[in-house]
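Chemist: Below is a structure I'd like to ask you about.
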Amino acid sequence: MVISLEDILEDPRRFMDSGCKDVVIELDERAHKLDVAASAQSFMKIMKEGIGLPAGGIYVNNRFNVSMEIDRKTGEVVRGRKAELEEEYLEARTPYLTSMKGNQRLVVPLNNRGRNFGVAVFDKGRFSRKKMATILYSVKMFSRHLRRMKRLSSLEHEAITDFLTGMHTKRSFDMHYRSAIKQAKRLDNPLSVIVGDIDNFKQVNDTYGHDFGDYVLRTVGQIIRSSIRDGDIAGRCGGDEFAIILPNTAQKDASKVARKINGAVRSREFDDGGLTGKLAKDKYFGGHDSRSIRTTLSAKSNEDVKNWSRATTLFKAADRLLYQAKEYGRDAVNTGDNHDPDTDLPDIPKMDAYLRKQVAQCNRQRGVLALTMFDVRGFKFVINKMGEDAAWNLFFSAVKEFSSDGNRYDALARVYDSDKIIGSYYSEKRAPAVEKYVAEIGNAALEVLRSFCPEDISAPPLDFAAGVCVYSPRFVSDRTANRIESNPGLLSTFATAAAITAGDMKERLFIDRYTGQYPKQL
């Protein structure tokens, strides 16, 4: 039998005895902050001990999703049990009293200012008006508390979440990073970090406006968040830079995640449906390879966590790998490996060490060093047409054919996880003779790469372009020559720019001398 509570609901404080008034303010909001479970547990203890309720439960829905009950046998307040509540209880919008197996049951919805948070259910042999008034007022206060917590939760979410990418802010990311370091040391688990950014992002903003730049950031943020596990932490560390913490993850698995993200961005059509999107797709580095937006990432893991001297060691190591990847062509994933298993060629870390020796020799002997960057033009279209696996298998097969076909370069390497191959050639002859020879072997290499098409793969030949950077200490000042000797990746950056120019040429080969200026194409 349902009993009307209208007279109590009008002013429950009028029916409460003085001894119960303190019960409703015992919730310590400052201690629990945003922990709804702790607040609900405190509330139920107050109901049990302060008011003397033998049975009951509070069920908070929506974002909080917490249930807390008084165990009928032990009298303890326990979490996680959810009684088989009848639908009418869950849908209640106003409090009511009903009979239940010889007891009375008081059902009170949790709501405040039109927002429903759940329901509270209390059982007792018989409720006095004072008890009901105290319960109603207590639940009302708890509902206000929930509303306040929900608002605070939203504010905290805004404070720790970057509004564009949905990733953590730098401050929040740094806190999670320090915590992950401590946990990895305590449990002796591996920890990996991925660091990356969007290539040439400043030019995206300068050319097409910040609205399109914001669209790119949002899209890349979505790709990153969908590529990682729930326990991983992705943060925007400023501008177009981002980082990811991968707890209990070894180098091999972190590399897979980085490659997954890079491949997803590489194959994404960045077109917001407006004019800027079309312009970006057609003109912004899309003209030579149809990849208007690209990312460069590095992945680094330290499995011997107990011997770390400083918390910044891992992050700095990953940052150095990213910087190196930027110099050798961008649109790449650098894991610090010396060998690329897909092409059986050396990877850039090994090539970088070799180039340092070559540049030193070139500077001593006043010779000429030529770096040739081979890049697939329109590889995104090939991927879209053939599929990711088939397109890359075609690339790997073409490179293996080229590298085993008696090429005349001193050294060849794959540029990280990208569709670029770099070759170096050194000579003590004068620059014109070297340029003529490099053009000859470059065109021969392009012919091999373009004509390769295995019988078991139905696909058009890949369209490669080659950019050549010719360096000699005769072309630059002594200061620049010393800088190149310590950082040969600058020559690779120049060769990449030459490859972009070559993509727009009929011959697909462009040779440029290094004079110390940063290439405009990048």
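Order determines the names: the first chain of the structure tokens is A, the second B, and so forth; residues in each chain are numbered 1 upward, and ligands are numbered 1 upward as they are shown.
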Any idea what's packed within 9 Å of A:Lys202, counting only C-alpha atoms, ignoring anything in its chain fewer than 5 positions away? Could you give it as a list in words?

Modeler: Thr207, Gly213 and Asp240 of chain A

Chemist: Produce a file of the selected residues containing C-alpha atoms, as a short mmCIF file (atom, residue, chain, number, x, y, z; two decimals), in the first residue's frame.

Modeler:
```cif
data_model
loop_
_atom_site.label_atom_id
_atom_site.label_comp_id
_atom_site.auth_asym_id
_atom_site.auth_seq_id
_atom_site.Cartn_x
_atom_site.Cartn_y
_atom_site.Cartn_z
CA THR A 207 48.70 28.36 -46.16
CA GLY A 213 44.86 23.30 -38.90
CA ASP A 240 51.45 19.74 -33.22
#
```

Chemist: Would you return as number ranges by chain the members of stretch 187-432 of chain A that DSSP assigns to helix (DSSP H, G or I) on this structure's backbone?

Modeler: A: 187, 201-208, 210-227, 251-267, 275-282, 286-289, 305-307, 313-327, 348-365, 379-386, 388-403, 431-432

Chemist: DSSP on the backbone: which residues in stretch 308-429 of chain A end up as strand (DSSP E or B)? Give the answer as an MDAnalysis selection string.

Modeler: chainID A and resid 333:334 339:340 345:347 368:377 411:414 420:427

Chemist: Kindly indicate which residue among A:Val121, A:Ile224, A:Val399, A:Ile160 lies nearest to A:Ser451, using only C-alpha atoms for the distances.

Modeler: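 The closest residue to A:Ser451 is A:Val399.
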
Chemist: Would you mind telling me which residue in A:Gly209, A:Gly118, A:Pro488, A:Gly367 lies nearest to A:Ala433 when using only C-alpha atoms?

Modeler: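 That would be A:Gly367, the residue with the smallest distance to A:Ala433.
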
Chemist: Could you tell me how far atom CA of A:Ser42 lies from atom CA of A:Leu110, in Å and to one decimal?

Modeler: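 These atoms are spaced 16.0 Å apart.
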
Chemist: Nearest residue to A:Gln358 out of A:Gln203, A:Ala495, A:Lys101, A:Tyr426, using only C-alpha atoms?

Modeler: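 For A:Gln358, the nearest of the candidates is A:Tyr426.
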
Chemist: Go through A:Ala445, A:Ala398, A:Ile245, A:Val78 and flag the residue nearest A:Asp232, using only C-alpha atoms for the distances.

Modeler: A:Ile245

Chemist: Kindly indicate which residue among A:Ser403, A:Ser486, A:Asn393, A:Thr372 lies nearest to A:Tyr425, using only C-alpha atoms for the distances.

Modeler: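 With only C-alpha atoms as the atom set, the closest residue is A:Thr372.
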
Chemist: Please measure the separation of atom CA of A:Arg430 and atom CA of A:Tyr354, giving the value in Å to one decimal.

Modeler: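 Pair atom CA of A:Arg430 / atom CA of A:Tyr354 returns 22.1 Å.
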
Chemist: Please identify all polymer residues within 10 Å of stretch 337-342 of chain A, counting only C-alpha atoms, omitting same-chain residues fewer than 6 positions from it, and present them as a compact mmCIF listing (two decimals) with N, CA and C atoms, in the first residue's frame.

Modeler:
```txt
# COMPACT_ATOMS: atom_id res chain seq x y z
N ILE A 348 68.40 3.76 -40.87
CA ILE A 348 69.09 5.05 -40.79
C ILE A 348 70.11 5.15 -39.67
N PRO A 349 69.88 4.63 -38.45
CA PRO A 349 70.94 4.76 -37.44
C PRO A 349 72.29 4.24 -37.90
N LYS A 350 72.30 3.12 -38.62
CA LYS A 350 73.55 2.59 -39.15
C LYS A 350 74.07 3.45 -40.29
N MET A 351 73.14 3.92 -41.14
CA MET A 351 73.53 4.77 -42.27
C MET A 351 74.08 6.10 -41.76
N ASP A 352 73.51 6.62 -40.69
CA ASP A 352 73.96 7.89 -40.14
C ASP A 352 75.42 7.79 -39.69
N TRP A 392 52.69 -2.53 -49.71
CA TRP A 392 54.01 -2.54 -49.09
C TRP A 392 54.83 -3.74 -49.57
N ASN A 393 54.19 -4.87 -49.79
CA ASN A 393 54.92 -6.03 -50.32
C ASN A 393 55.49 -5.72 -51.71
N PHE A 395 56.37 -2.71 -52.74
CA PHE A 395 57.50 -1.81 -52.48
C PHE A 395 58.73 -2.59 -52.02
N PHE A 396 58.53 -3.50 -51.06
CA PHE A 396 59.66 -4.29 -50.55
C PHE A 396 60.31 -5.11 -51.66
N SER A 397 59.49 -5.71 -52.50
CA SER A 397 60.01 -6.54 -53.59
C SER A 397 60.80 -5.70 -54.59
N VAL A 399 62.38 -2.88 -54.02
CA VAL A 399 63.64 -2.42 -53.40
C VAL A 399 64.66 -3.56 -53.36
N LYS A 400 64.20 -4.76 -53.04
CA LYS A 400 65.12 -5.91 -53.01
C LYS A 400 65.70 -6.17 -54.40
N ALA A 413 70.24 2.43 -47.78
CA ALA A 413 69.51 2.22 -46.53
C ALA A 413 68.05 2.59 -46.74
N ARG A 414 67.20 1.96 -45.96
CA ARG A 414 65.80 2.36 -45.96
C ARG A 414 65.62 3.45 -44.91
N VAL A 415 64.84 4.44 -45.24
CA VAL A 415 64.59 5.53 -44.30
C VAL A 415 63.48 5.11 -43.34
N TYR A 416 63.88 4.50 -42.26
CA TYR A 416 62.96 4.07 -41.21
C TYR A 416 61.81 3.26 -41.79
N ASP A 417 60.60 3.59 -41.36
CA ASP A 417 59.43 2.80 -41.74
C ASP A 417 58.68 3.44 -42.91
```

Chemist: Could you state the separation of atom CA of A:Leu322 and atom CA of A:Val265 in Å, given to one decimal place?

Modeler: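 Distance reported for this atom pair: 16.8 Å.
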
Chemist: Could you give me, as a PyMOL selection string, the residues within 8 Å of stretch 460-468 of chain A, counting only C-alpha atoms and dropping anything in the same chain fewer than 3 positions from it?

Modeler: chain A and resi 370-379+395+442+446+449-453+495-503+508-512
